[in-house]
file my_file-v4.txt (compact mmCIF, N, CA and C atoms)
# COMPACT_ATOMS: atom_id res chain seq x y z
N MET A 4 115.98 23.81 56.14
CA MET A 4 116.88 22.72 56.40
C MET A 4 118.24 23.35 56.71
N THR A 5 118.82 22.93 57.82
CA THR A 5 120.10 23.46 58.25
C THR A 5 121.09 22.31 58.42
N SER A 6 122.32 22.52 57.98
CA SER A 6 123.35 21.51 58.14
C SER A 6 124.71 22.18 58.32
N TYR A 7 125.69 21.37 58.70
CA TYR A 7 127.04 21.90 58.86
C TYR A 7 128.04 20.88 58.35
N ALA A 8 129.24 21.36 58.04
CA ALA A 8 130.30 20.47 57.51
C ALA A 8 131.65 21.09 57.77
N PRO A 9 132.70 20.31 57.80
CA PRO A 9 132.70 18.85 57.89
C PRO A 9 132.23 18.40 59.26
N TYR A 10 131.82 17.16 59.35
CA TYR A 10 131.22 16.62 60.57
C TYR A 10 132.17 16.68 61.76
N GLU A 11 133.43 16.29 61.58
CA GLU A 11 134.38 16.21 62.68
C GLU A 11 134.81 17.58 63.20
N ASN A 12 134.91 18.56 62.34
CA ASN A 12 135.38 19.89 62.71
C ASN A 12 134.56 20.92 61.92
N PRO A 13 133.32 21.18 62.33
CA PRO A 13 132.44 22.06 61.55
C PRO A 13 133.04 23.44 61.30
N GLN A 14 133.01 23.84 60.04
CA GLN A 14 133.49 25.16 59.65
C GLN A 14 132.46 25.93 58.82
N TYR A 15 131.48 25.22 58.29
CA TYR A 15 130.48 25.84 57.42
C TYR A 15 129.09 25.43 57.85
N VAL A 16 128.18 26.37 57.80
CA VAL A 16 126.77 26.12 58.06
C VAL A 16 126.01 26.54 56.81
N VAL A 17 125.12 25.66 56.35
CA VAL A 17 124.30 25.96 55.18
C VAL A 17 122.84 25.86 55.59
N VAL A 18 122.07 26.88 55.29
CA VAL A 18 120.64 26.89 55.57
C VAL A 18 119.92 27.05 54.24
N VAL A 19 118.98 26.15 53.98
CA VAL A 19 118.16 26.22 52.77
C VAL A 19 116.71 26.38 53.21
N LEU A 20 116.09 27.44 52.77
CA LEU A 20 114.69 27.70 53.08
C LEU A 20 113.96 27.88 51.75
N ILE A 21 113.06 26.97 51.46
CA ILE A 21 112.31 27.03 50.22
C ILE A 21 110.84 27.21 50.57
N GLU A 22 110.31 28.36 50.20
CA GLU A 22 108.91 28.66 50.50
C GLU A 22 108.00 27.67 49.79
N HIS A 23 107.07 27.13 50.50
CA HIS A 23 106.12 26.12 49.99
C HIS A 23 106.84 24.86 49.52
N GLY A 24 107.96 24.54 50.15
CA GLY A 24 108.78 23.40 49.73
C GLY A 24 108.30 22.06 50.25
N LYS A 25 107.35 22.04 51.16
CA LYS A 25 106.78 20.83 51.76
C LYS A 25 107.76 20.09 52.65
N SER A 26 108.58 19.18 52.16
CA SER A 26 109.49 18.43 53.04
C SER A 26 110.94 18.77 52.73
N GLY A 27 111.74 18.81 53.79
CA GLY A 27 113.14 19.21 53.63
C GLY A 27 113.97 18.25 52.79
N SER A 28 113.74 16.95 52.98
CA SER A 28 114.57 15.99 52.27
C SER A 28 114.31 15.99 50.76
N ASN A 29 113.09 16.29 50.35
CA ASN A 29 112.78 16.28 48.93
C ASN A 29 113.11 17.58 48.22
N THR A 30 113.01 18.69 48.92
CA THR A 30 113.26 19.98 48.27
C THR A 30 114.59 20.60 48.68
N GLY A 31 114.88 20.61 49.96
CA GLY A 31 116.12 21.23 50.44
C GLY A 31 117.34 20.35 50.29
N GLY A 32 117.15 19.05 50.40
CA GLY A 32 118.27 18.10 50.32
C GLY A 32 119.08 18.21 49.04
N PRO A 33 118.43 18.17 47.88
CA PRO A 33 119.19 18.31 46.63
C PRO A 33 119.94 19.65 46.53
N MET A 34 119.35 20.70 47.06
CA MET A 34 120.01 22.01 47.05
C MET A 34 121.24 21.99 47.96
N LEU A 35 121.11 21.39 49.14
CA LEU A 35 122.26 21.26 50.05
C LEU A 35 123.38 20.47 49.38
N LEU A 36 123.02 19.40 48.72
CA LEU A 36 124.02 18.58 48.04
C LEU A 36 124.80 19.39 47.01
N LYS A 37 124.12 20.21 46.24
CA LYS A 37 124.78 21.04 45.23
C LYS A 37 125.71 22.07 45.88
N ILE A 38 125.27 22.65 46.98
CA ILE A 38 126.09 23.65 47.67
C ILE A 38 127.34 23.00 48.23
N TYR A 39 127.19 21.86 48.90
CA TYR A 39 128.36 21.19 49.46
C TYR A 39 129.29 20.67 48.37
N GLN A 40 128.73 20.20 47.27
CA GLN A 40 129.58 19.74 46.17
C GLN A 40 130.41 20.90 45.63
N LYS A 41 129.83 22.07 45.55
CA LYS A 41 130.56 23.25 45.08
C LYS A 41 131.67 23.63 46.08
N LEU A 42 131.38 23.55 47.38
CA LEU A 42 132.40 23.84 48.39
C LEU A 42 133.57 22.85 48.27
N ILE A 43 133.26 21.59 47.98
CA ILE A 43 134.31 20.59 47.78
C ILE A 43 135.09 20.88 46.51
N ASP A 44 134.38 21.17 45.42
CA ASP A 44 135.04 21.47 44.14
C ASP A 44 135.97 22.67 44.22
N LEU A 45 135.58 23.68 45.01
CA LEU A 45 136.39 24.89 45.15
C LEU A 45 137.50 24.74 46.19
N GLY A 46 137.54 23.59 46.88
CA GLY A 46 138.60 23.34 47.84
C GLY A 46 138.36 23.85 49.25
N TYR A 47 137.15 24.31 49.53
CA TYR A 47 136.85 24.79 50.89
C TYR A 47 136.71 23.63 51.87
N ILE A 48 136.22 22.50 51.38
CA ILE A 48 136.09 21.30 52.21
C ILE A 48 136.96 20.22 51.57
N ASP A 49 137.84 19.62 52.37
CA ASP A 49 138.75 18.59 51.89
C ASP A 49 137.97 17.30 51.58
N LYS A 50 138.33 16.65 50.50
CA LYS A 50 137.65 15.42 50.09
C LYS A 50 137.84 14.28 51.09
N LYS A 51 138.82 14.39 51.97
CA LYS A 51 139.04 13.33 52.95
C LYS A 51 137.87 13.22 53.93
N PHE A 52 137.03 14.25 54.01
CA PHE A 52 135.88 14.22 54.90
C PHE A 52 134.67 13.55 54.29
N LEU A 53 134.74 13.19 53.01
CA LEU A 53 133.63 12.51 52.36
C LEU A 53 133.49 11.11 52.92
N LYS A 54 132.28 10.70 53.18
CA LYS A 54 132.04 9.35 53.67
C LYS A 54 131.55 8.51 52.50
N ARG A 55 132.13 7.34 52.36
CA ARG A 55 131.78 6.42 51.30
C ARG A 55 130.63 5.53 51.73
N LYS A 56 129.69 5.29 50.84
CA LYS A 56 128.62 4.35 51.12
C LYS A 56 129.16 2.94 50.95
N THR A 57 128.84 2.06 51.89
CA THR A 57 129.33 0.68 51.79
C THR A 57 128.20 -0.27 51.50

call {"tool": "encode", "arguments": {"input": "my_file-v4.txt", "output": "structure tokens"}}
result
Amino acid sequence: MTSYAPYENPQYVVVVLIEHGKSGSNTGGPMLLKIYQKLIDLGYIDKKFLKRKT
């Protein structure tokens, strides 16, 4: 599973490869979320780029 952030001005690419992981959304998704949350917590990604669920 490969993603980039922030959406408007990409500066980071994260690739998660889990051997025998079956589907990306069930295995790689939670790992991506943790990595991006850490990037936000450390100040690498500004919180203004977070999208709110409505």

call {"tool": "atom_distance", "arguments": {"input": "my_file-v4.txt", "atom1": "atom CA of Val18 of chain A", "atom2": "atom C of Ser6 of chain A"}}
result
6.8 Å

call {"tool": "atom_distance", "arguments": {"input": "my_file-v4.txt", "atom1": "atom CA of Ser28 of chain A", "atom2": "atom CA of Met4 of chain A"}}
result
8.2 Å

call {"tool": "atom_distance", "arguments": {"input": "my_file-v4.txt", "atom1": "atom C of Ile21 of chain A", "atom2": "atom N of Lys41 of chain A"}}
result
20.3 Å

call {"tool": "residues_around", "arguments": {"input": "my_file-v4.txt", "residues": "segment 22-27 of chain A", "least_positions_apart": "4", "cutoff": "8 Å", "atoms": "only N, CA and C atoms", "output": "MDAnalysis selection string"}}
result
chainID A and resid 4:5 31:33

call {"tool": "axis_aligned_box", "arguments": {"input": "my_file-v4.txt", "around": "segment 27-38 of chain A", "padding_each_side": "4 Å", "output": "JSON"}}
result
{"center_x": 119.5, "center_y": 19.8, "center_z": 49.5, "size_x": 23.6, "size_y": 15.7, "size_z": 16.6}

call {"tool": "closest_residue", "arguments": {"input": "my_file-v4.txt", "among": "A:Asn29, A:Gly46, A:Phe52, A:Leu35", "to": "Pro9 of chain A", "atoms": "only N, CA and C atoms"}}
result
A:Phe52

call {"tool": "build_atoms", "arguments": {"input": "my_file-v4.txt", "residues": "segment 16-28 of chain A", "atoms": "N, CA, C and O atoms", "output": "compact mmCIF listing (two decimals), in the coordinates of the input"}}
result
# COMPACT_ATOMS: atom_id res chain seq x y z
N VAL A 16 128.18 26.37 57.80
CA VAL A 16 126.77 26.12 58.06
C VAL A 16 126.01 26.54 56.81
O VAL A 16 126.24 27.62 56.27
N VAL A 17 125.12 25.66 56.35
CA VAL A 17 124.30 25.96 55.18
C VAL A 17 122.84 25.86 55.59
O VAL A 17 122.43 24.87 56.19
N VAL A 18 122.07 26.88 55.29
CA VAL A 18 120.64 26.89 55.57
C VAL A 18 119.92 27.05 54.24
O VAL A 18 120.21 27.96 53.46
N VAL A 19 118.98 26.15 53.98
CA VAL A 19 118.16 26.22 52.77
C VAL A 19 116.71 26.38 53.21
O VAL A 19 116.18 25.55 53.95
N LEU A 20 116.09 27.44 52.77
CA LEU A 20 114.69 27.70 53.08
C LEU A 20 113.96 27.88 51.75
O LEU A 20 114.25 28.81 51.00
N ILE A 21 113.06 26.97 51.46
CA ILE A 21 112.31 27.03 50.22
C ILE A 21 110.84 27.21 50.57
O ILE A 21 110.22 26.34 51.16
N GLU A 22 110.31 28.36 50.20
CA GLU A 22 108.91 28.66 50.50
C GLU A 22 108.00 27.67 49.79
O GLU A 22 108.18 27.38 48.61
N HIS A 23 107.07 27.13 50.50
CA HIS A 23 106.12 26.12 49.99
C HIS A 23 106.84 24.86 49.52
O HIS A 23 106.39 24.20 48.59
N GLY A 24 107.96 24.54 50.15
CA GLY A 24 108.78 23.40 49.73
C GLY A 24 108.30 22.06 50.25
O GLY A 24 108.79 21.04 49.83
N LYS A 25 107.35 22.04 51.16
CA LYS A 25 106.78 20.83 51.76
C LYS A 25 107.76 20.09 52.65
O LYS A 25 107.80 20.33 53.83
N SER A 26 108.58 19.18 52.16
CA SER A 26 109.49 18.43 53.04
C SER A 26 110.94 18.77 52.73
O SER A 26 111.31 18.96 51.58
N GLY A 27 111.74 18.81 53.79
CA GLY A 27 113.14 19.21 53.63
C GLY A 27 113.97 18.25 52.79
O GLY A 27 114.77 18.67 51.97
N SER A 28 113.74 16.95 52.98
CA SER A 28 114.57 15.99 52.27
C SER A 28 114.31 15.99 50.76
O SER A 28 115.21 15.72 49.97
